[in-house]
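The next block is model06.txt, given as compact mmCIF, C-alpha atoms.
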```txt
# COMPACT_ATOMS: atom_id res chain seq x y z
CA MET K 9 126.42 -68.74 -15.53
CA GLU K 10 124.26 -67.36 -12.81
CA ILE K 11 125.93 -64.07 -12.91
CA LYS K 12 125.58 -63.82 -16.68
CA GLN K 13 121.83 -64.53 -16.54
CA SER K 14 121.21 -61.89 -13.96
CA HIS K 15 123.19 -59.53 -16.08
CA ARG K 16 121.11 -60.35 -19.17
CA LEU K 17 117.94 -59.90 -17.21
CA THR K 18 118.90 -56.50 -16.11
CA LYS K 19 119.72 -55.65 -19.69
CA GLU K 20 116.26 -56.65 -20.83
CA GLU K 21 114.77 -54.86 -17.92
CA LYS K 22 116.65 -51.79 -18.92
CA LYS K 23 115.30 -52.06 -22.42
CA GLU K 24 111.80 -52.43 -21.14
CA LEU K 25 112.26 -49.48 -18.88
CA ARG K 26 113.47 -47.37 -21.73
CA ARG K 27 110.53 -48.40 -23.89
CA GLN K 28 108.11 -47.46 -21.16
CA GLU K 29 109.82 -44.16 -20.72
CA LYS K 30 109.45 -43.45 -24.41
CA LEU K 31 105.78 -44.33 -24.31
CA MET K 32 105.22 -42.04 -21.37
CA LYS K 33 106.98 -39.25 -23.20
CA LYS K 34 104.82 -39.78 -26.25
CA GLN K 35 101.64 -39.79 -24.20
CA ASN K 36 102.76 -36.64 -22.45
CA GLU K 37 103.38 -35.01 -25.78
CA ILE K 38 99.92 -35.98 -27.03
CA LYS K 39 98.44 -34.56 -23.86
CA LYS K 40 100.42 -31.39 -24.27
CA ARG K 41 99.32 -31.04 -27.86
CA ARG K 42 95.71 -31.55 -26.87
CA TYR K 43 96.00 -28.82 -24.26
CA PHE K 44 97.61 -26.61 -26.85
CA HIS K 45 94.70 -27.18 -29.23
CA ILE K 46 92.13 -26.36 -26.58
CA PHE K 47 94.10 -23.30 -25.53
CA LEU K 48 94.47 -22.12 -29.13
CA TRP K 49 90.76 -22.35 -29.90
CA LEU K 50 89.82 -20.70 -26.65
CA ALA K 51 92.24 -17.87 -27.42
CA ILE K 52 90.79 -17.45 -30.93
CA PHE K 53 87.28 -17.51 -29.55
CA PHE K 54 88.08 -14.86 -26.97
CA ILE K 55 89.97 -12.62 -29.37
CA ILE K 56 87.11 -12.69 -31.88
CA GLY K 57 84.38 -12.35 -29.27
CA GLY K 58 86.31 -9.65 -27.43
CA SER K 59 86.92 -7.55 -30.51
CA VAL K 60 83.28 -7.81 -31.57
CA PHE K 61 82.25 -6.75 -28.08
CA VAL K 62 84.64 -3.78 -28.08
CA ILE K 63 83.35 -2.65 -31.47
CA ILE K 64 79.73 -2.83 -30.34
CA LYS K 65 80.58 -0.94 -27.16
CA THR K 66 82.45 1.88 -28.87
CA VAL K 67 79.88 2.30 -31.63
CA SER K 68 76.96 2.40 -29.20
CA ASP K 69 78.78 4.91 -26.96
CA LYS K 70 79.54 7.11 -29.93
CA GLY K 71 75.93 6.90 -31.08
CA ASN K 72 74.75 8.17 -27.70
CA SER K 73 77.17 11.07 -27.56
CA LYS K 74 76.20 12.07 -31.08
CA GLU K 75 72.58 12.32 -30.02
CA ILE K 76 73.58 14.48 -27.09
CA LYS K 77 75.54 16.85 -29.27
CA SER K 78 72.79 17.49 -31.78
CA ASP K 79 70.38 17.96 -28.88
CA VAL K 80 72.55 20.57 -27.25
CA VAL K 81 73.40 22.51 -30.38
CA LYS K 82 69.79 23.15 -31.24
CA ILE K 83 68.31 26.17 -29.58
CA SER K 84 64.58 25.70 -29.34
CA SER K 85 61.81 28.28 -29.17
CA GLU K 86 61.27 27.23 -25.55
CA ASP K 87 64.75 28.38 -24.56
CA TRP K 88 65.51 31.63 -22.81
CA VAL K 89 68.06 33.40 -24.97
CA LYS K 90 70.07 36.56 -24.50
CA GLY K 91 72.05 38.27 -27.25
CA ASN K 92 71.87 37.75 -30.96
CA LYS K 93 69.95 34.64 -31.96
CA GLU K 94 71.73 34.60 -35.33
CA ALA K 95 75.18 34.72 -33.74
CA LYS K 96 77.66 32.08 -34.79
CA VAL K 97 78.70 31.40 -31.23
CA SER K 98 76.28 29.90 -28.76
CA LEU K 99 76.87 29.44 -25.06
CA ILE K 100 74.37 27.19 -23.38
CA GLU K 101 74.32 27.10 -19.61
CA TYR K 102 72.70 24.40 -17.51
CA SER K 103 72.18 26.12 -14.25
CA ASP K 104 70.44 26.13 -10.90
CA PHE K 105 69.39 29.42 -9.24
CA GLN K 106 70.34 28.13 -5.81
CA CYS K 107 73.81 26.88 -6.66
CA PRO K 108 76.52 29.21 -5.36
CA ALA K 109 78.87 28.49 -8.26
CA CYS K 110 76.09 29.47 -10.68
CA ALA K 111 75.64 32.78 -8.87
CA PHE K 112 79.37 33.31 -9.11
CA TYR K 113 79.39 32.57 -12.85
CA HIS K 114 76.38 34.83 -13.26
CA HIS K 115 78.68 37.84 -12.86
CA ILE K 116 81.16 36.45 -15.37
CA LEU K 117 78.40 35.73 -17.87
CA LYS K 118 76.98 39.21 -17.45
CA LYS K 119 80.35 40.71 -18.34
CA ILE K 120 80.70 38.36 -21.27
CA SER K 121 77.28 39.25 -22.56
CA GLU K 122 78.20 42.93 -22.40
CA GLU K 123 81.61 42.40 -23.98
CA PHE K 124 80.53 40.24 -26.92
CA ASN K 125 77.11 41.80 -27.29
CA ASP K 126 75.61 40.57 -30.57
CA LYS K 127 78.47 38.21 -31.41
CA ILE K 128 77.13 35.62 -29.02
CA VAL K 129 73.87 34.05 -27.96
CA ILE K 130 73.57 32.92 -24.35
CA VAL K 131 70.99 30.32 -23.44
CA TYR K 132 69.79 29.56 -19.93
CA ARG K 133 68.51 26.06 -19.22
CA HIS K 134 67.11 24.88 -15.91
CA PHE K 135 68.78 22.13 -13.99
CA PRO K 136 67.44 22.56 -10.45
CA LEU K 137 69.31 20.04 -8.35
CA PRO K 138 67.23 18.13 -5.78
CA ILE K 139 69.73 18.96 -3.03
CA HIS K 140 68.72 22.62 -3.25
CA LYS K 141 65.35 22.96 -1.59
CA ASN K 142 64.29 26.24 -3.22
CA ALA K 143 65.92 25.76 -6.61
CA LYS K 144 62.72 24.56 -8.23
CA SER K 145 60.63 27.39 -6.79
CA ALA K 146 63.20 29.87 -8.05
CA ALA K 147 62.95 28.31 -11.48
CA TYR K 148 59.16 28.67 -11.33
CA ALA K 149 59.59 32.33 -10.39
CA ALA K 150 61.89 32.97 -13.34
CA GLU K 151 59.45 31.24 -15.69
CA ALA K 152 56.50 33.14 -14.27
CA ALA K 153 58.38 36.41 -14.78
CA GLY K 154 59.19 35.19 -18.26
CA ARG K 155 55.47 34.97 -18.99
CA GLN K 156 55.44 38.73 -18.55
CA GLY K 157 58.59 39.20 -20.58
CA LYS K 158 61.00 39.66 -17.71
CA PHE K 159 62.76 36.32 -17.46
CA TRP K 160 66.26 37.76 -17.53
CA GLU K 161 65.44 40.51 -15.06
CA MET K 162 64.14 37.91 -12.60
CA HIS K 163 67.09 35.69 -13.43
CA ASP K 164 69.52 38.46 -12.44
CA MET K 165 67.60 39.25 -9.31
CA LEU K 166 67.46 35.63 -8.18
CA PHE K 167 71.20 35.20 -8.53
CA GLU K 168 72.05 38.52 -6.96
CA SER K 169 69.97 37.92 -3.87
CA GLN K 170 70.45 34.18 -3.66
CA THR K 171 71.40 34.29 0.02
CA GLU K 172 68.10 35.96 0.88
CA TRP K 173 65.81 33.20 -0.34
CA GLU K 174 67.91 30.04 -0.42
CA ARG K 175 66.99 28.93 3.11
CA SER K 176 63.53 30.43 3.26
CA ASP K 177 60.59 28.16 4.12
CA ASN K 178 58.25 30.32 2.11
CA PRO K 179 60.25 31.47 -0.90
CA LYS K 180 57.11 32.33 -2.86
CA GLU K 181 56.53 35.39 -0.70
CA ILE K 182 60.01 36.66 -1.41
CA PHE K 183 59.63 35.98 -5.12
CA ILE K 184 56.35 37.91 -5.22
CA ARG K 185 58.18 40.81 -3.65
CA TYR K 186 60.77 40.61 -6.41
CA ALA K 187 57.96 40.54 -8.97
CA LYS K 188 56.62 43.73 -7.50
CA LEU K 189 60.07 45.31 -7.70
CA LEU K 190 60.16 44.40 -11.38
CA ASN K 191 56.75 46.01 -11.89
CA LEU K 192 55.10 42.71 -12.76
CA ASP K 193 51.44 41.91 -12.36
CA THR K 194 51.80 40.09 -9.04
CA GLU K 195 48.46 38.31 -9.27
CA LYS K 196 49.28 36.79 -12.63
CA PHE K 197 52.79 36.09 -11.40
CA SER K 198 51.49 34.20 -8.41
CA GLN K 199 49.09 32.22 -10.59
CA ASP K 200 51.79 31.30 -13.12
CA PHE K 201 54.18 30.45 -10.32
CA SER K 202 51.86 27.68 -9.13
CA SER K 203 50.72 26.56 -12.57
CA LYS K 204 51.06 22.97 -13.69
CA ASP K 205 52.37 24.20 -17.03
CA ILE K 206 55.48 25.75 -15.58
CA GLU K 207 55.99 22.85 -13.20
CA ARG K 208 55.93 20.50 -16.16
CA LYS K 209 58.36 22.65 -18.12
CA ILE K 210 60.90 22.66 -15.30
CA GLU K 211 60.50 18.92 -14.77
CA SER K 212 61.10 18.18 -18.43
CA ALA K 213 64.10 20.53 -18.47
CA TYR K 214 65.47 18.66 -15.47
CA GLN K 215 64.92 15.31 -17.19
CA ASP K 216 66.64 16.57 -20.34
CA ALA K 217 69.69 17.56 -18.34
CA VAL K 218 69.75 14.16 -16.66
CA ARG K 219 69.49 12.47 -20.02
CA LEU K 220 72.44 14.52 -21.23
CA LYS K 221 74.38 13.10 -18.27
CA ILE K 222 75.12 16.54 -16.94
CA LEU K 223 76.78 16.03 -13.60
CA TYR K 224 77.04 19.49 -12.06
CA THR K 225 75.92 23.07 -12.33
CA PRO K 226 76.81 25.23 -14.03
CA THR K 227 77.68 23.22 -17.12
CA PHE K 228 78.53 25.20 -20.22
CA PHE K 229 78.31 24.16 -23.84
CA LEU K 230 80.13 26.40 -26.28
CA ASN K 231 78.86 25.66 -29.77
CA GLY K 232 77.63 22.29 -28.58
CA LYS K 233 80.89 21.29 -26.94
CA GLU K 234 81.22 21.13 -23.20
CA VAL K 235 83.74 23.62 -21.89
CA LYS K 236 85.42 23.50 -18.53
CA ALA K 237 85.60 26.98 -17.14
CA SER K 238 88.30 27.72 -14.62
CA GLY K 239 86.34 30.36 -12.77
CA ASP K 240 87.92 33.62 -13.75
CA TYR K 241 86.63 36.08 -16.28
CA GLU K 242 89.79 36.34 -18.39
CA SER K 243 90.17 32.63 -19.10
CA PHE K 244 86.47 32.26 -19.85
CA LYS K 245 86.63 35.24 -22.16
CA ASN K 246 89.62 33.76 -23.97
CA ILE K 247 87.80 30.49 -24.56
CA ILE K 248 84.91 32.37 -26.13
CA LEU K 249 87.23 34.72 -28.01
CA LYS K 250 88.73 31.70 -29.76
CA ALA K 251 85.27 30.53 -30.82
CA VAL K 252 84.28 33.99 -32.04
CA GLU K 253 87.34 34.36 -34.27
CA MET M 17 112.96 -2.30 -59.27
CA LYS M 18 114.60 -5.67 -59.75
CA VAL M 19 115.30 -5.94 -56.05
CA LEU M 20 111.68 -5.25 -55.29
CA LYS M 21 110.59 -7.90 -57.73
CA ILE M 22 112.87 -10.50 -56.18
CA LEU M 23 111.71 -9.52 -52.72
CA PHE M 24 108.12 -9.81 -53.82
CA LEU M 25 108.64 -13.26 -55.31
CA ARG M 26 110.50 -14.43 -52.22
CA LEU M 27 107.62 -13.26 -50.11
CA LEU M 28 105.13 -15.10 -52.24
CA SER M 29 107.10 -18.33 -52.04
CA SER M 30 107.40 -18.53 -48.28
CA TYR M 31 104.49 -20.67 -47.18
CA ASN M 32 104.50 -19.84 -43.49
CA LEU M 33 104.79 -16.14 -44.06
CA ILE M 34 101.87 -16.19 -46.46
CA ILE M 35 99.71 -18.14 -44.07
CA PHE M 36 100.62 -15.69 -41.33
CA LEU M 37 99.74 -12.69 -43.50
CA PHE M 38 96.59 -14.49 -44.59
CA LEU M 39 95.54 -14.81 -40.95
CA VAL M 40 96.32 -11.18 -40.17
CA LEU M 41 94.55 -9.80 -43.23
CA SER M 42 91.44 -11.93 -42.85
CA PHE M 43 91.25 -10.82 -39.23
CA ILE M 44 91.54 -7.14 -40.21
CA GLY M 45 88.87 -7.73 -42.87
CA PHE M 46 86.67 -9.31 -40.23
CA ILE M 47 87.07 -6.38 -37.83
CA ASP M 48 86.38 -3.91 -40.66
CA SER M 49 83.18 -5.74 -41.66
CA VAL M 50 81.98 -6.15 -38.11
CA TYR M 51 82.54 -2.44 -37.52
CA LEU M 52 80.34 -1.57 -40.50
CA THR M 53 77.71 -4.14 -39.51
CA VAL M 54 77.49 -2.79 -35.98
CA ASN M 55 77.23 0.75 -37.32
CA HIS M 56 74.43 -0.38 -39.60
CA TYR M 57 72.39 -1.82 -36.75
CA PHE M 58 73.01 1.18 -34.49
CA LYS M 59 72.01 3.43 -37.39
CA THR M 60 75.21 5.45 -37.12
CA ILE M 61 77.65 6.51 -39.79
CA PRO M 62 81.31 5.87 -39.02
CA PRO M 63 83.66 8.85 -39.29
CA CYS M 64 85.16 9.29 -42.75
CA SER M 65 88.04 11.61 -43.42
CA VAL M 66 87.91 12.18 -47.15
CA SER M 67 84.44 11.55 -48.45
CA ASP M 68 80.87 10.96 -47.40
CA CYS M 69 80.55 7.35 -46.28
CA GLY M 70 76.90 7.86 -45.45
CA VAL M 71 75.89 7.91 -49.11
CA VAL M 72 77.52 4.54 -49.70
CA LEU M 73 76.60 2.89 -46.41
CA THR M 74 72.93 3.80 -46.60
CA SER M 75 72.49 3.22 -50.34
CA LYS M 76 70.26 0.45 -51.66
CA TYR M 77 73.42 -1.48 -52.55
CA SER M 78 74.41 -1.73 -48.89
CA THR M 79 71.85 -4.39 -48.01
CA ILE M 80 70.48 -7.61 -49.48
CA PHE M 81 67.09 -8.72 -48.14
CA ASN M 82 67.52 -6.18 -45.34
CA ILE M 83 70.79 -7.79 -44.29
CA PRO M 84 73.83 -5.50 -44.58
CA VAL M 85 76.41 -6.83 -47.03
CA SER M 86 79.06 -6.11 -44.41
CA LEU M 87 77.60 -8.95 -42.33
CA PHE M 88 78.23 -11.35 -45.23
CA GLY M 89 81.71 -9.85 -45.41
CA ALA M 90 82.29 -10.59 -41.74
CA ILE M 91 81.19 -14.21 -42.19
CA TYR M 92 83.41 -14.53 -45.25
CA TYR M 93 86.51 -13.23 -43.48
CA ILE M 94 85.98 -15.30 -40.34
CA LEU M 95 85.55 -18.40 -42.53
CA LEU M 96 88.87 -17.72 -44.24
CA PHE M 97 90.48 -17.09 -40.87
CA ILE M 98 89.22 -20.37 -39.41
CA LEU M 99 90.25 -22.29 -42.54
CA ALA M 100 93.75 -20.91 -42.23
CA VAL M 101 93.95 -21.87 -38.56
CA LEU M 102 92.62 -25.37 -39.31
CA SER M 103 95.21 -25.82 -42.06
CA PHE M 104 98.10 -25.74 -39.62
CA GLU M 105 96.11 -27.26 -36.80
CA ILE M 106 94.75 -30.37 -38.48
CA ARG M 107 95.76 -30.79 -42.09
CA LYS M 108 97.62 -28.58 -44.48
CA GLU M 109 95.33 -29.62 -47.32
CA ILE M 110 92.38 -27.82 -45.76
CA ILE M 111 93.81 -24.53 -47.03
CA ARG M 112 92.80 -25.63 -50.53
CA PHE M 113 89.21 -24.64 -49.72
CA VAL M 114 90.21 -20.98 -49.78
CA ILE M 115 90.61 -21.16 -53.55
CA VAL M 116 86.84 -21.70 -53.75
CA LEU M 117 86.08 -18.66 -51.56
CA THR M 118 88.61 -15.98 -52.46
CA PRO M 119 87.69 -15.56 -56.16
CA LEU M 120 84.09 -15.08 -55.02
CA GLY M 121 85.12 -12.43 -52.51
CA PHE M 122 87.34 -10.76 -55.08
CA LEU M 123 84.59 -10.56 -57.71
CA ILE M 124 82.04 -9.21 -55.24
CA SER M 125 84.53 -6.60 -54.05
CA LEU M 126 85.20 -5.62 -57.63
CA TYR M 127 81.48 -5.16 -58.18
CA PHE M 128 81.14 -2.95 -55.09
CA VAL M 129 84.11 -0.81 -56.07
CA TYR M 130 82.44 -0.37 -59.45
CA VAL M 131 79.16 0.63 -57.75
CA GLN M 132 80.96 3.18 -55.58
CA ILE M 133 82.90 4.81 -58.38
CA PHE M 134 80.44 4.75 -61.26
CA ILE M 135 76.97 4.61 -59.74
CA LEU M 136 77.09 6.30 -56.35
CA ARG M 137 80.08 8.50 -57.19
CA GLU M 138 81.08 8.41 -53.54
CA ILE M 139 83.79 6.33 -51.97
CA CYS M 140 83.68 4.70 -48.57
CA PHE M 141 87.02 4.22 -46.95
CA TYR M 142 86.02 1.11 -44.97
CA CYS M 143 84.63 -0.54 -48.09
CA LEU M 144 87.88 0.11 -49.93
CA ILE M 145 89.89 -1.48 -47.13
CA SER M 146 87.73 -4.56 -47.48
CA ALA M 147 88.12 -4.60 -51.27
CA PHE M 148 91.89 -4.20 -50.93
CA ILE M 149 92.14 -7.04 -48.41
CA SER M 150 90.00 -9.41 -50.45
CA THR M 151 92.18 -8.70 -53.50
CA ILE M 152 95.34 -9.54 -51.60
CA LEU M 153 93.76 -12.66 -50.12
CA PHE M 154 92.80 -13.67 -53.65
CA ILE M 155 96.42 -13.36 -54.81
CA PHE M 156 97.71 -15.14 -51.71
CA SER M 157 95.37 -18.07 -52.14
CA PHE M 158 96.84 -18.71 -55.60
CA SER M 159 100.40 -18.61 -54.37
CA ILE M 160 99.47 -20.93 -51.50
CA ILE M 161 98.08 -23.48 -53.93
CA ARG M 162 101.13 -23.15 -56.14
CA ILE M 163 103.50 -23.72 -53.25
CA LEU M 164 101.56 -26.79 -52.15
CA GLU M 165 101.61 -28.15 -55.70
CA THR M 166 105.36 -27.71 -56.19
CA LYS M 167 106.08 -29.31 -52.83
CA ASN M 168 104.08 -32.36 -53.78
```
Do you think you could lay out the structure here as structure tokens?
Amino acid sequence: MEIKQSHRLTKEEKKELRRQEKLMKKQNEIKKRRYFHIFLWLAIFFIIGGSVFVIIKTVSDKGNSKEIKSDVVKISSEDWVKGNKEAKVSLIEYSDFQCPACAFYHHILKKISEEFNDKIVIVYRHFPLPIHKNAKSAAYAAEAAGRQGKFWEMHDMLFESQTEWERSDNPKEIFIRYAKLLNLDTEKFSQDFSSKDIERKIESAYQDAVRLKILYTPTFFLNGKEVKASGDYESFKNIILKAVE
Amino acid sequence: MKVLKILFLRLLSSYNLIIFLFLVLSFIGFIDSVYLTVNHYFKTIPPCSVSDCGVVLTSKYSTIFNIPVSLFGAIYYILLFILAVLSFEIRKEIIRFVIVLTPLGFLISLYFVYVQIFILREICFYCLISAFISTILFIFSFSIIRILETKN
């Protein structure tokens, strides 16, 4: 009798235990489902929000680059141009008279200008980097010479004798000497060199280049598209040849 | 031809597949609309391969009370998307609401396709995608209702 009762008890206990187990399982499942719901909605929220964000980002980036392009392509009356203004191919250079790489490319560009002659228009734009102490003064000198119609002559001279003036503490003196060599009116040259007008022009050119996110000099734009030049005449010529054809 | 027809009918009678496609298409429609809306507010014209989207996207038909119609499109598609998610999340019956929305979307799309072809005489690729998607969603919503009805 005693044994039987204990046996029955354990049976009921077992039943109870099983019931509790089932309940626990059910509760766990409900919990799991709730987590799943939260996870699902969070995922949906992030996918939608993320895709909207990506779209806004790409569209705004594209909008900026578009603005840059149209800015670069246009050659304004303020620009210093060499070659045929009506030419289909335009090569715009953002340059700094004191940068050694620019002086190096100066020779390449000279050859290119001779080779393509009236098939190309070359534009020089100032981007005097702050790390070059005389770059701005050199730009003033070129502009001042430009006032007397000899921008390109001064431009060539500045690049060819870069080593002479780059470290000078009084570059103006040297530039006046160059002006004399070019048969310029040195008094007017000296006046223009220090004029606020030219200073402003260089500053705004510098700001334009910054706005275009130009990172180094020289930077070339061939028909409005940035081209990476590898530094030898032949490869540069081939790039332009492709654009000319 | 017959095989295609059978395949097509099979496709239209599989509830889960339709709901899945419904989700995918409404999401694509949403992305398409958002893309056009963002372009509108950034005042840019998205690239178009065949024709001039600019004519369509800047025409007087592209906005209502200064709000671009693509923004309404985005809201429409996201609503359909959320309804479809809710239908398998909470109650299947919720999907019935789509039958109120999709004919509206279909008719509006039809109107805009008409405007593009006969009034502006220019076609915008992104707008056609949206019209195509809303047409398919319209068809799907009917087959969804039919499946639900036969099951009951």
So that each row is one residue of chain M with an atom at most 8 Å from chain K, can you give its shortest atom pair and the distance in Å to one decimal, using all atoms listed in the file, rows by chain and rising number, as JSON lines?
```
{"residue": "M:Ile47", "atom": "CA", "partner": "K:Ser59", "partner_atom": "CA", "distance": 7.4}
{"residue": "M:Val50", "atom": "CA", "partner": "K:Val60", "partner_atom": "CA", "distance": 6.9}
{"residue": "M:Tyr51", "atom": "CA", "partner": "K:Ile63", "partner_atom": "CA", "distance": 6.1}
{"residue": "M:Val54", "atom": "CA", "partner": "K:Ile64", "partner_atom": "CA", "distance": 6.1}
{"residue": "M:Asn55", "atom": "CA", "partner": "K:Val67", "partner_atom": "CA", "distance": 6.5}
{"residue": "M:Phe58", "atom": "CA", "partner": "K:Ser68", "partner_atom": "CA", "distance": 6.7}
{"residue": "M:Thr60", "atom": "CA", "partner": "K:Gly71", "partner_atom": "CA", "distance": 6.3}
{"residue": "M:Glu105", "atom": "CA", "partner": "K:His45", "partner_atom": "CA", "distance": 7.7}
```
Residues at most 8 Å from Phe38 in chain M, counting all atoms listed in the file, excluding those fewer than 5 positions away in the same chain, as a ChimeraX atom specification? /M:97,100,153,156
May I have the residues within 6 Å of range 84-101 of chain K as a ChimeraX atom specification, using only C-alpha atoms and disregarding those fewer than 2 positions away in the same chain? /K:103,126-133,227-231
From CA of Pro136 in chain K to CA of Arg219 in chain K the spacing works out at 14.1 Å
So how far away is CA of Gly57 in chain K from CA of Tyr57 in chain M, in Å?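 Separation of CA of Tyr57 in chain M and CA of Gly57 in chain K: 17.6 Å.
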Tell me, in Å to one decimal, how far CA of Ile222 in chain K is from CA of Pro108 in chain K.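 Going from CA of Ile222 in chain K over to CA of Pro108 in chain K covers 17.2 Å.
Taking all atoms listed in the file into account, Tyr142 in chain M lies nearest to M:Pro62 out of the set M:Thr166, M:Pro62, M:Lys21, M:Ser30.
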In the coordinates of the file, take the point (52.3, 40.4, -11.0) and a cut-off of 12 Å; then, counting only C-alpha atoms, name each qualifying protein, DNA or RNA residue as a list in words.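 Residues satisfying the cut-off, written out: Ala149, Ala152, Ala153, Gly154, Arg155, Gln156, Gly157, Lys158, Phe183, Ile184, Arg185, Tyr186, Ala187, Lys188, Leu189, Leu190, Asn191, Leu192, Asp193, Thr194, Glu195, Lys196, Phe197, Ser198, Gln199, Asp200 and Phe201 of chain K.
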Name the residues in contact with Ser176 in chain K at a cut-off of 12 Å, using all atoms listed in the file, excluding same-chain residues fewer than 3 positions from it; report them as a short mmCIF file (atom, residue, chain, number, x, y, z; two decimals) with C-alpha atoms, in the coordinates of the input.
```
data_model
loop_
_atom_site.label_atom_id
_atom_site.label_comp_id
_atom_site.auth_asym_id
_atom_site.auth_seq_id
_atom_site.Cartn_x
_atom_site.Cartn_y
_atom_site.Cartn_z
CA GLN K 106 70.34 28.13 -5.81
CA HIS K 140 68.72 22.62 -3.25
CA LYS K 141 65.35 22.96 -1.59
CA ASN K 142 64.29 26.24 -3.22
CA ALA K 143 65.92 25.76 -6.61
CA SER K 145 60.63 27.39 -6.79
CA ALA K 146 63.20 29.87 -8.05
CA GLN K 170 70.45 34.18 -3.66
CA THR K 171 71.40 34.29 0.02
CA GLU K 172 68.10 35.96 0.88
CA TRP K 173 65.81 33.20 -0.34
CA PRO K 179 60.25 31.47 -0.90
CA LYS K 180 57.11 32.33 -2.86
CA GLU K 181 56.53 35.39 -0.70
CA ILE K 182 60.01 36.66 -1.41
CA PHE K 183 59.63 35.98 -5.12
#
```
